[in-house]
file structure04.json (JSON, C-alpha atoms and all ligand atoms)
[["chain", "number", "residue", "atom", "x", "y", "z"],
["A", 1, "MET", "CA", 0.00, 0.00, 0.00],
["A", 2, "LYS", "CA", 1.26, 3.52, -0.76],
["A", 3, "ILE", "CA", 1.32, 5.62, 2.41],
["A", 4, "VAL", "CA", 2.54, 9.23, 2.35],
["A", 5, "VAL", "CA", 4.06, 10.40, 5.63],
["A", 6, "VAL", "CA", 3.95, 14.19, 5.57],
["A", 7, "GLY", "CA", 6.73, 15.31, 7.90],
["A", 8, "GLY", "CA", 8.40, 11.97, 7.19],
["A", 9, "THR", "CA", 11.87, 13.43, 7.79],
["A", 10, "GLY", "CA", 11.04, 14.54, 11.37],
["A", 11, "GLN", "CA", 11.45, 12.85, 14.73],
["A", 12, "VAL", "CA", 8.23, 10.79, 14.52],
["A", 13, "GLY", "CA", 8.15, 10.61, 10.72],
["A", 14, "ARG", "CA", 11.56, 8.92, 10.37],
["A", 15, "GLN", "CA", 10.60, 6.12, 12.75],
["A", 16, "LEU", "CA", 7.20, 5.70, 11.06],
["A", 17, "ILE", "CA", 8.79, 5.45, 7.60],
["A", 18, "ARG", "CA", 11.14, 2.73, 8.92],
["A", 19, "LEU", "CA", 8.25, 0.70, 10.41],
["A", 20, "LEU", "CA", 6.04, 0.95, 7.32],
["A", 21, "THR", "CA", 8.90, 0.14, 4.95],
["A", 22, "ALA", "CA", 9.83, -2.92, 7.06],
["A", 23, "GLU", "CA", 6.19, -4.08, 6.74],
["A", 24, "GLY", "CA", 6.55, -3.94, 2.94],
["A", 25, "HIS", "CA", 4.57, -0.75, 2.28],
["A", 26, "GLU", "CA", 5.57, 1.97, -0.15],
["A", 27, "ALA", "CA", 6.17, 4.67, 2.48],
["A", 28, "VAL", "CA", 6.95, 8.10, 1.03],
["A", 29, "ALA", "CA", 8.58, 10.75, 3.25],
["A", 30, "ALA", "CA", 7.08, 14.09, 2.16],
["A", 31, "SER", "CA", 8.61, 17.30, 3.48],
["A", 32, "PRO", "CA", 10.33, 20.44, 2.21],
["A", 33, "SER", "CA", 13.68, 18.64, 2.31],
["A", 34, "THR", "CA", 12.29, 15.98, -0.07],
["A", 35, "GLY", "CA", 10.72, 18.63, -2.35],
["A", 36, "ILE", "CA", 7.17, 18.50, -0.95],
["A", 37, "ASN", "CA", 5.66, 21.47, 0.86],
["A", 38, "THR", "CA", 2.15, 21.60, 2.30],
["A", 39, "ILE", "CA", 2.22, 25.40, 2.55],
["A", 40, "THR", "CA", 3.32, 26.24, -0.99],
["A", 41, "GLY", "CA", 1.82, 23.09, -2.51],
["A", 42, "GLU", "CA", 5.13, 22.22, -4.18],
["A", 43, "GLY", "CA", 5.26, 18.52, -5.11],
["A", 44, "LEU", "CA", 2.08, 17.66, -3.20],
["A", 45, "ALA", "CA", -0.10, 16.32, -6.03],
["A", 46, "GLY", "CA", 2.72, 14.14, -7.37],
["A", 47, "ALA", "CA", 3.51, 12.71, -3.93],
["A", 48, "LEU", "CA", -0.13, 11.85, -3.24],
["A", 49, "ALA", "CA", -0.86, 10.25, -6.62],
["A", 50, "GLY", "CA", -1.88, 6.63, -6.02],
["A", 51, "ALA", "CA", -1.73, 6.92, -2.21],
["A", 52, "GLN", "CA", -4.47, 5.33, -0.12],
["A", 53, "THR", "CA", -3.40, 6.86, 3.18],
["A", 54, "VAL", "CA", -1.78, 10.10, 4.38],
["A", 55, "VAL", "CA", -0.20, 10.45, 7.81],
["A", 56, "ASP", "CA", 0.41, 14.05, 8.87],
["A", 57, "VAL", "CA", 3.28, 14.36, 11.37],
["A", 58, "THR", "CA", 4.40, 17.81, 10.30],
["A", 59, "ASN", "CA", 5.42, 20.45, 12.76],
["A", 60, "ALA", "CA", 5.49, 24.21, 12.39],
["A", 61, "PRO", "CA", 8.95, 25.68, 11.83],
["A", 62, "VAL", "CA", 8.19, 28.56, 14.24],
["A", 63, "TRP", "CA", 6.11, 28.45, 17.40],
["A", 64, "GLY", "CA", 4.70, 31.96, 17.86],
["A", 65, "ASP", "CA", 0.93, 31.73, 18.50],
["A", 66, "ASP", "CA", -0.06, 33.34, 15.17],
["A", 67, "GLU", "CA", 2.58, 31.52, 13.12],
["A", 68, "VAL", "CA", 1.74, 28.08, 14.45],
["A", 69, "LEU", "CA", -1.99, 28.60, 13.89],
["A", 70, "ALA", "CA", -1.33, 29.84, 10.36],
["A", 71, "PHE", "CA", 0.91, 26.83, 9.70],
["A", 72, "PHE", "CA", -1.45, 24.09, 10.89],
["A", 73, "THR", "CA", -4.55, 25.59, 9.27],
["A", 74, "ALA", "CA", -2.90, 26.20, 5.88],
["A", 75, "SER", "CA", -0.94, 22.95, 5.88],
["A", 76, "THR", "CA", -3.92, 20.81, 6.92],
["A", 77, "GLY", "CA", -6.31, 22.56, 4.52],
["A", 78, "ASN", "CA", -3.95, 22.13, 1.57],
["A", 79, "LEU", "CA", -3.26, 18.51, 2.48],
["A", 80, "LEU", "CA", -6.94, 17.62, 2.78],
["A", 81, "GLU", "CA", -7.70, 19.28, -0.55],
["A", 82, "ALA", "CA", -4.82, 17.57, -2.35],
["A", 83, "GLY", "CA", -5.76, 14.27, -0.70],
["A", 84, "ARG", "CA", -9.35, 14.55, -1.90],
["A", 85, "ALA", "CA", -8.17, 15.27, -5.46],
["A", 86, "ALA", "CA", -5.87, 12.23, -5.33],
["A", 87, "GLY", "CA", -8.55, 9.90, -3.91],
["A", 88, "VAL", "CA", -6.90, 9.40, -0.51],
["A", 89, "ARG", "CA", -9.14, 7.18, 1.63],
["A", 90, "HIS", "CA", -7.67, 7.70, 5.11],
["A", 91, "HIS", "CA", -6.23, 10.89, 6.63],
["A", 92, "ILE", "CA", -4.31, 10.37, 9.88],
["A", 93, "ALA", "CA", -2.96, 13.18, 12.03],
["A", 94, "LEU", "CA", -0.90, 13.32, 15.19],
["A", 95, "THR", "CA", -2.11, 15.84, 17.76],
["A", 96, "ILE", "CA", -1.92, 16.20, 21.55],
["A", 97, "VAL", "CA", -3.81, 14.56, 24.43],
["A", 98, "GLY", "CA", -6.02, 17.16, 26.10],
["A", 99, "ALA", "CA", -5.42, 19.80, 23.41],
["A", 100, "ASP", "CA", -9.00, 21.04, 23.75],
["A", 101, "ARG", "CA", -8.56, 21.39, 27.53],
["A", 102, "ASN", "CA", -5.65, 23.83, 27.21],
["A", 103, "PRO", "CA", -6.86, 26.96, 25.41],
["A", 104, "GLY", "CA", -4.14, 28.96, 27.21],
["A", 105, "SER", "CA", -1.53, 27.35, 24.95],
["A", 106, "GLY", "CA", -1.39, 28.89, 21.48],
["A", 107, "TYR", "CA", 0.29, 25.74, 20.17],
["A", 108, "GLN", "CA", -2.52, 23.51, 21.46],
["A", 109, "ARG", "CA", -5.16, 25.88, 20.06],
["A", 110, "ALA", "CA", -3.53, 25.39, 16.66],
["A", 111, "LYS", "CA", -3.67, 21.60, 17.05],
["A", 112, "VAL", "CA", -7.40, 21.85, 17.86],
["A", 113, "ALA", "CA", -7.89, 23.93, 14.70],
["A", 114, "GLN", "CA", -6.07, 21.18, 12.77],
["A", 115, "GLU", "CA", -8.42, 18.54, 14.22],
["A", 116, "GLN", "CA", -11.52, 20.60, 13.41],
["A", 117, "LEU", "CA", -10.50, 20.94, 9.76],
["A", 118, "ILE", "CA", -10.04, 17.19, 9.50],
["A", 119, "VAL", "CA", -13.38, 16.32, 11.11],
["A", 120, "ALA", "CA", -15.21, 18.89, 8.96],
["A", 121, "SER", "CA", -13.58, 17.67, 5.73],
["A", 122, "GLY", "CA", -15.68, 14.53, 5.35],
["A", 123, "VAL", "CA", -12.52, 12.52, 4.59],
["A", 124, "PRO", "CA", -12.33, 9.27, 6.64],
["A", 125, "TYR", "CA", -9.81, 9.95, 9.40],
["A", 126, "THR", "CA", -8.03, 8.85, 12.52],
["A", 127, "ILE", "CA", -6.72, 11.45, 14.97],
["A", 128, "LEU", "CA", -4.03, 10.09, 17.28],
["A", 129, "ARG", "CA", -3.53, 12.36, 20.27],
["A", 130, "ALA", "CA", -0.25, 11.59, 22.03],
["A", 131, "THR", "CA", 1.00, 12.89, 25.35],
["A", 132, "GLN", "CA", 4.35, 14.71, 25.50],
["A", 133, "PHE", "CA", 7.34, 12.76, 24.20],
["A", 134, "TYR", "CA", 10.12, 11.80, 26.65],
["A", 135, "SER", "CA", 12.44, 13.59, 24.24],
["A", 136, "PHE", "CA", 10.47, 16.83, 24.79],
["A", 137, "LEU", "CA", 11.35, 17.06, 28.50],
["A", 138, "GLY", "CA", 14.51, 19.09, 27.83],
["A", 139, "THR", "CA", 12.48, 21.70, 25.89],
["A", 140, "ILE", "CA", 9.90, 21.81, 28.70],
["A", 141, "ALA", "CA", 12.64, 22.31, 31.31],
["A", 142, "ASP", "CA", 14.26, 25.09, 29.28],
["A", 143, "ALA", "CA", 10.94, 26.91, 28.77],
["A", 144, "ALA", "CA", 10.19, 26.66, 32.51],
["A", 145, "THR", "CA", 13.58, 27.93, 33.71],
["A", 146, "VAL", "CA", 13.55, 31.14, 35.72],
["A", 147, "ASP", "CA", 16.81, 32.37, 37.30],
["A", 148, "GLY", "CA", 18.47, 29.00, 36.77],
["A", 149, "ALA", "CA", 15.70, 26.87, 38.32],
["A", 150, "VAL", "CA", 12.89, 24.94, 36.63],
["A", 151, "HIS", "CA", 9.48, 26.11, 37.88],
["A", 152, "ALA", "CA", 6.73, 23.60, 37.14],
["A", 153, "PRO", "CA", 3.40, 22.51, 38.59],
["A", 154, "ALA", "CA", 3.02, 19.02, 40.04],
["A", 155, "ALA", "CA", 0.13, 18.31, 37.64],
["A", 156, "ALA", "CA", -0.36, 14.75, 36.39],
["A", 157, "PHE", "CA", 1.92, 13.95, 33.48],
["A", 158, "GLN", "CA", 2.19, 10.76, 31.43],
["A", 159, "PRO", "CA", 4.80, 11.14, 28.68],
["A", 160, "VAL", "CA", 5.48, 8.55, 26.00],
["A", 161, "ALA", "CA", 8.32, 7.30, 23.80],
["A", 162, "VAL", "CA", 8.45, 8.47, 20.18],
["A", 163, "GLU", "CA", 8.83, 4.83, 19.09],
["A", 164, "ASP", "CA", 5.46, 4.02, 20.70],
["A", 165, "VAL", "CA", 3.90, 6.97, 18.87],
["A", 166, "ALA", "CA", 5.34, 5.70, 15.58],
["A", 167, "ALA", "CA", 4.05, 2.17, 16.30],
["A", 168, "ALA", "CA", 0.52, 3.46, 17.00],
["A", 169, "LEU", "CA", 0.57, 5.50, 13.78],
["A", 170, "ALA", "CA", 1.83, 2.52, 11.76],
["A", 171, "GLU", "CA", -1.05, 0.45, 13.09],
["A", 172, "ALA", "CA", -3.54, 3.20, 12.26],
["A", 173, "ALA", "CA", -2.08, 3.61, 8.76],
["A", 174, "THR", "CA", -2.65, -0.02, 7.91],
["A", 175, "GLY", "CA", -6.08, -0.27, 9.57],
["A", 176, "ALA", "CA", -9.52, 1.18, 8.90],
["A", 177, "PRO", "CA", -10.26, 4.84, 9.69],
["A", 178, "ALA", "CA", -11.51, 5.20, 13.29],
["A", 179, "ASN", "CA", -13.34, 8.46, 12.44],
["A", 180, "ALA", "CA", -12.56, 9.31, 16.05],
["A", 181, "VAL", "CA", -9.84, 10.46, 18.40],
["A", 182, "VAL", "CA", -7.56, 7.88, 20.01],
["A", 183, "ASP", "CA", -5.45, 8.89, 23.04],
["A", 184, "LEU", "CA", -1.92, 7.51, 23.48],
["A", 185, "ALA", "CA", 0.01, 7.92, 26.75],
["A", 186, "GLY", "CA", 3.06, 6.39, 28.37],
["A", 187, "PRO", "CA", 2.92, 3.61, 30.98],
["A", 188, "GLU", "CA", 3.49, 5.84, 34.08],
["A", 189, "LYS", "CA", 1.49, 8.76, 35.42],
["A", 190, "LEU", "CA", 3.39, 10.94, 37.90],
["A", 191, "PRO", "CA", 3.65, 14.65, 38.72],
["A", 192, "MET", "CA", 5.33, 16.67, 35.96],
["A", 193, "THR", "CA", 7.92, 17.83, 38.53],
["A", 194, "GLU", "CA", 8.94, 14.21, 39.14],
["A", 195, "PHE", "CA", 9.56, 13.50, 35.44],
["A", 196, "LEU", "CA", 11.54, 16.75, 35.11],
["A", 197, "SER", "CA", 13.71, 15.96, 38.17],
["A", 198, "ARG", "CA", 14.46, 12.44, 36.96],
["A", 199, "PHE", "CA", 15.27, 13.73, 33.48],
["A", 200, "LEU", "CA", 17.65, 16.43, 34.75],
["A", 201, "ASP", "CA", 19.36, 14.00, 37.18],
["A", 202, "ALA", "CA", 19.85, 11.40, 34.46],
["A", 203, "THR", "CA", 21.30, 13.93, 32.03],
["A", 204, "GLY", "CA", 23.69, 15.46, 34.56],
["A", 205, "ASP", "CA", 21.83, 18.79, 34.57],
["A", 206, "THR", "CA", 22.24, 20.56, 37.92],
["A", 207, "ARG", "CA", 19.16, 22.77, 37.66],
["A", 208, "LYS", "CA", 16.74, 22.30, 40.57],
["A", 209, "VAL", "CA", 13.05, 21.68, 39.92],
["A", 210, "ILE", "CA", 10.79, 23.86, 42.05],
["A", 211, "GLU", "CA", 7.16, 22.86, 42.47],
["A", 212, "ASP", "CA", 5.17, 25.96, 41.60],
["A", 213, "ALA", "CA", 1.37, 25.69, 41.35],
["A", 214, "ALA", "CA", 1.23, 29.04, 39.55],
["A", 215, "ALA", "CA", 3.68, 28.04, 36.80],
["A", 216, "THR", "CA", 2.05, 27.45, 33.40],
["A", 217, "TYR", "CA", 2.85, 24.98, 30.64],
["A", 218, "PHE", "CA", 3.65, 27.12, 27.59],
["A", 219, "GLY", "CA", 0.99, 29.57, 28.78],
["A", 220, "ALA", "CA", -1.58, 26.99, 29.89],
["A", 221, "PRO", "CA", -2.46, 26.64, 33.58],
["A", 222, "LEU", "CA", -2.49, 22.94, 34.43],
["A", 223, "THR", "CA", -4.76, 20.67, 36.47],
["A", 224, "ASP", "CA", -4.40, 16.91, 36.94],
["A", 225, "GLU", "CA", -6.61, 16.45, 33.85],
["A", 226, "SER", "CA", -4.92, 18.87, 31.43],
["A", 227, "LEU", "CA", -2.29, 16.69, 29.79],
["A", 228, "VAL", "CA", -3.31, 13.09, 30.48],
["A", 229, "PRO", "CA", -6.10, 10.89, 29.06],
["A", 230, "THR", "CA", -9.37, 11.33, 30.93],
["A", 231, "GLY", "CA", -11.31, 8.36, 29.58],
["A", 232, "ASN", "CA", -13.34, 10.22, 26.94],
["A", 233, "HIS", "CA", -11.59, 8.53, 23.98],
["A", 234, "ALA", "CA", -10.30, 5.08, 23.10],
["A", 235, "GLU", "CA", -6.96, 4.76, 24.88],
["A", 236, "ARG", "CA", -3.65, 3.14, 24.14],
["A", 237, "ILE", "CA", -0.62, 2.84, 26.42],
["A", 238, "GLY", "CA", 2.97, 2.87, 25.13],
["A", 239, "ALA", "CA", 5.33, 0.06, 26.08],
["A", 240, "LEU", "CA", 8.63, 1.81, 26.83],
["A", 241, "SER", "CA", 9.01, 2.98, 30.44],
["A", 242, "PHE", "CA", 10.68, 6.27, 31.32],
["A", 243, "ALA", "CA", 13.45, 4.39, 33.16],
["A", 244, "GLY", "CA", 13.99, 2.21, 30.09],
["A", 245, "TRP", "CA", 14.23, 5.28, 27.88],
["A", 246, "LEU", "CA", 16.58, 7.12, 30.27],
["A", 247, "SER", "CA", 18.89, 4.09, 30.49],
["A", 248, "ARG", "CA", 19.60, 4.26, 26.77],
["A", 249, "PRO", "CA", 22.72, 6.03, 25.49],
["A", 250, "GLU", "CA", 21.94, 9.63, 24.57],
["A", 251, "GLY", "CA", 22.09, 9.01, 20.81],
["A", 252, "ALA", "CA", 19.61, 6.11, 21.05],
["A", 253, "ARG", "CA", 16.89, 7.99, 22.95],
["B", 301, "LIG", "N1", 6.85, 16.90, 21.01],
["B", 301, "LIG", "C1", 5.85, 16.36, 21.68],
["B", 301, "LIG", "O1", 5.96, 16.10, 22.89],
["B", 301, "LIG", "C2", 4.54, 16.05, 20.97],
["B", 301, "LIG", "C3", 3.49, 15.46, 21.66],
["B", 301, "LIG", "C4", 2.30, 15.14, 20.99],
["B", 301, "LIG", "C5", 2.19, 15.44, 19.63],
["B", 301, "LIG", "N2", 3.23, 16.04, 18.98],
["B", 301, "LIG", "C6", 3.08, 16.30, 17.54],
["B", 301, "LIG", "O2", 3.99, 15.52, 16.81],
["B", 301, "LIG", "C7", 4.12, 16.07, 15.50],
["B", 301, "LIG", "C8", 5.50, 15.78, 14.95],
["B", 301, "LIG", "O3", 6.48, 16.29, 15.79],
["B", 301, "LIG", "P1", 8.03, 16.00, 15.56],
["B", 301, "LIG", "O4", 8.72, 16.32, 16.84],
["B", 301, "LIG", "O5", 8.24, 14.67, 14.91],
["B", 301, "LIG", "O6", 8.38, 17.15, 14.50],
["B", 301, "LIG", "P2", 9.80, 17.51, 13.87],
["B", 301, "LIG", "O7", 10.85, 16.52, 14.25],
["B", 301, "LIG", "O8", 10.04, 18.96, 14.16],
["B", 301, "LIG", "O9", 9.54, 17.33, 12.30],
["B", 301, "LIG", "C9", 8.70, 18.22, 11.63],
["B", 301, "LIG", "C10", 8.48, 17.70, 10.23],
["B", 301, "LIG", "O10", 7.57, 18.60, 9.58],
["B", 301, "LIG", "C11", 8.10, 18.86, 8.27],
["B", 301, "LIG", "N3", 7.58, 20.10, 7.74],
["B", 301, "LIG", "C12", 7.78, 21.37, 8.19],
["B", 301, "LIG", "N4", 7.18, 22.25, 7.37],
["B", 301, "LIG", "C13", 6.58, 21.52, 6.38],
["B", 301, "LIG", "C14", 5.83, 21.86, 5.22],
["B", 301, "LIG", "N5", 5.56, 23.13, 4.90],
["B", 301, "LIG", "N6", 5.39, 20.85, 4.41],
["B", 301, "LIG", "C15", 5.65, 19.56, 4.73],
["B", 301, "LIG", "N7", 6.35, 19.18, 5.81],
["B", 301, "LIG", "C16", 6.82, 20.16, 6.62],
["B", 301, "LIG", "C17", 9.61, 18.87, 8.49],
["B", 301, "LIG", "O11", 10.26, 18.74, 7.23],
["B", 301, "LIG", "P3", 11.82, 19.11, 6.98],
["B", 301, "LIG", "O12", 12.61, 18.08, 7.75],
["B", 301, "LIG", "O13", 12.00, 18.95, 5.52],
["B", 301, "LIG", "O14", 12.00, 20.50, 7.49],
["B", 301, "LIG", "C18", 9.76, 17.63, 9.37],
["B", 301, "LIG", "O15", 9.72, 16.46, 8.60],
["B", 301, "LIG", "C19", 3.74, 17.55, 15.64],
["B", 301, "LIG", "O16", 2.59, 17.82, 14.88],
["B", 301, "LIG", "C20", 3.44, 17.72, 17.13],
["B", 301, "LIG", "O17", 2.34, 18.60, 17.34],
["B", 301, "LIG", "C21", 4.39, 16.33, 19.60]]
call {"tool": "encode", "arguments": {"input": "structure04.json", "output": "structure tokens"}}
result
Amino acid sequence: MKIVVVGGTGQVGRQLIRLLTAEGHEAVAASPSTGINTITGEGLAGALAGAQTVVDVTNAPVWGDDEVLAFFTASTGNLLEAGRAAGVRHHIALTIVGADRNPGSGYQRAKVAQEQLIVASGVPYTILRATQFYSFLGTIADAATVDGAVHAPAAAFQPVAVEDVAAALAEAATGAPANAVVDLAGPEKLPMTEFLSRFLDATGDTRKVIEDAAATYFGAPLTDESLVPTGNHAERIGALSFAGWLSRPEGAR
């Protein structure tokens, strides 16, 4: 089966291309660096010709609130239109668990806008919402650093390995459209502060983590239900534990 992975050169996309190729599918990595651009439309029709399924794992190149909203709405709209013209039968997108519960985050608002375009398009779809990747913890810590210390709330957090995200997408890409949202989280739910402390300790980072109920997550105030599955969608749990991920050499994480 021909499956186009838009964003196939990125963190998730590379692993997804490897899995689909190993299963014998014609997996095409579509991104600006392979000559395919969902914003300008360059190469899109050619890449989608003959494809049954599209998996969208793009990310915006800049994360300002306006830029990220403009990216996901234009990219998703162009992709859905090109997919319809090419006869694509299944549109899959990767978004974020709880995105609709965090309107304070401009990034998550943009992911909700992406989901709404997909649902409204009439194209059979599967939306996989994943929790934060283990590999994103460093970015979270940096964004939360004030005067050399990481200020974070102790809200429930349940991050997941990128390889488990890729595995869930590969399964979706070779299955029937769910026409629904599926939530994917990691195997452990602990306070965000705990994950950050363990990450910094394991990476030899001396910054202290300070529990701060008033600290936001990229602008979003957090509760124990903000970033974790709450039982309102089908749910899937990743296999790789945080300890297992941390124990890997840095280049293999
Ligand atoms: N990080 C997290 O914790 C987390 C959690 C849940 C969901 N997600 C979602 O996961 C998705 C993928 O994230 P990632 O970390 O794998 O992203 P990434 O490594 O930054 O890769 C982004 C990909 O998007 C491509 N891209 C950028 N602009 C494009 C355009 N105009 N047309 C086509 N492709 C374009 C890039 O292509 P080039 O390589 O050619 O530039 C690259 O392949 C995102 O949508 C994000 O919202 C992330």
call {"tool": "atom_distance", "arguments": {"input": "structure04.json", "atom1": "atom O11 of ligand LIG 301 (chain B)", "atom2": "CA of Ile92 in chain A"}}
result
17.0 Å
call {"tool": "residues_near_ligand", "arguments": {"input": "structure04.json", "ligand": "ligand LIG 301 (chain B)", "cutoff": "8 Å", "atoms": "all atoms listed in the file", "output": "MDAnalysis selection string"}}
result
chainID A and resid 6:14 29:40 56:61 71 75 93:97 107 111 129:137 159
call {"tool": "closest_residue", "arguments": {"input": "structure04.json", "among": "A:Gln114, A:Thr126, A:Gln158, A:Ser121", "to": "Thr230 in chain A", "atoms": "all atoms listed in the file"}}
result
A:Gln158
call {"tool": "atom_distance", "arguments": {"input": "structure04.json", "atom1": "CA of Gly43 in chain A", "atom2": "CA of Gly64 in chain A"}}
result
26.6 Å
call {"tool": "atom_distance", "arguments": {"input": "structure04.json", "atom1": "CA of Ala45 in chain A", "atom2": "CA of Ile17 in chain A"}}
result
19.6 Å
call {"tool": "residues_around", "arguments": {"input": "structure04.json", "residues": "range 18-22 of chain A", "least_positions_apart": "5", "cutoff": "9 Å", "atoms": "all atoms listed in the file", "output": "list in words"}}
result
Ile3, Gly13, Ala27, Ala166, Ala167, Ala170, Ala173 and Thr174 of chain A
call {"tool": "closest_residue", "arguments": {"input": "structure04.json", "among": "A:Leu222, A:Val119, A:Ile127, A:Asp142", "to": "Phe157 in chain A", "atoms": "only C-alpha atoms"}}
result
A:Leu222
call {"tool": "residues_around", "arguments": {"input": "structure04.json", "residues": "Ala202 in chain A", "least_positions_apart": "2", "cutoff": "12 Å", "atoms": "only C-alpha atoms", "output": "list in words"}}
result
Leu137, Gly138, Phe195, Leu196, Ser197, Arg198, Phe199, Leu200, Gly204, Asp205, Thr206, Arg207, Phe242, Ala243, Gly244, Trp245, Leu246, Ser247, Arg248, Pro249 and Glu250 of chain A
call {"tool": "decode", "arguments": {"input": "structure04.json", "residues": "range 18-32 of chain A", "atoms": "N, CA and C atoms", "output": "mmCIF file, in the first residue's frame"}}
result
data_model
loop_
_atom_site.group_PDB
_atom_site.id
_atom_site.type_symbol
_atom_site.label_atom_id
_atom_site.label_comp_id
_atom_site.auth_asym_id
_atom_site.auth_seq_id
_atom_site.Cartn_x
_atom_site.Cartn_y
_atom_site.Cartn_z
ATOM 1 N N ARG A 18 10.395 3.987 8.729
ATOM 2 C CA ARG A 18 11.138 2.725 8.925
ATOM 3 C C ARG A 18 10.179 1.564 9.194
ATOM 4 N N LEU A 19 9.193 1.779 10.060
ATOM 5 C CA LEU A 19 8.255 0.700 10.406
ATOM 6 C C LEU A 19 7.428 0.283 9.194
ATOM 7 N N LEU A 20 6.901 1.268 8.460
ATOM 8 C CA LEU A 20 6.035 0.948 7.316
ATOM 9 C C LEU A 20 6.829 0.268 6.206
ATOM 10 N N THR A 21 8.051 0.736 5.983
ATOM 11 C CA THR A 21 8.899 0.136 4.950
ATOM 12 C C THR A 21 9.221 -1.316 5.321
ATOM 13 N N ALA A 22 9.520 -1.553 6.604
ATOM 14 C CA ALA A 22 9.832 -2.920 7.059
ATOM 15 C C ALA A 22 8.629 -3.845 6.890
ATOM 16 N N GLU A 23 7.413 -3.274 6.937
ATOM 17 C CA GLU A 23 6.195 -4.083 6.742
ATOM 18 C C GLU A 23 5.879 -4.278 5.267
ATOM 19 N N GLY A 24 6.724 -3.727 4.374
ATOM 20 C CA GLY A 24 6.551 -3.942 2.940
ATOM 21 C C GLY A 24 5.711 -2.902 2.235
ATOM 22 N N HIS A 25 5.370 -1.801 2.924
ATOM 23 C CA HIS A 25 4.574 -0.752 2.282
ATOM 24 C C HIS A 25 5.467 0.206 1.511
ATOM 25 N N GLU A 26 4.856 0.888 0.543
ATOM 26 C CA GLU A 26 5.566 1.967 -0.152
ATOM 27 C C GLU A 26 5.350 3.229 0.691
ATOM 28 N N ALA A 27 6.309 3.531 1.551
ATOM 29 C CA ALA A 27 6.167 4.671 2.475
ATOM 30 C C ALA A 27 6.989 5.836 1.941
ATOM 31 N N VAL A 28 6.298 6.937 1.649
ATOM 32 C CA VAL A 28 6.947 8.097 1.035
ATOM 33 C C VAL A 28 7.097 9.201 2.083
ATOM 34 N N ALA A 29 8.332 9.648 2.313
ATOM 35 C CA ALA A 29 8.580 10.754 3.251
ATOM 36 C C ALA A 29 8.415 12.072 2.495
ATOM 37 N N ALA A 30 7.371 12.826 2.846
ATOM 38 C CA ALA A 30 7.082 14.088 2.155
ATOM 39 C C ALA A 30 7.382 15.250 3.087
ATOM 40 N N SER A 31 8.283 16.117 2.663
ATOM 41 C CA SER A 31 8.609 17.302 3.485
ATOM 42 C C SER A 31 9.392 18.261 2.601
ATOM 43 N N PRO A 32 9.579 19.502 3.035
ATOM 44 C CA PRO A 32 10.335 20.444 2.207
ATOM 45 C C PRO A 32 11.695 19.894 1.788
#
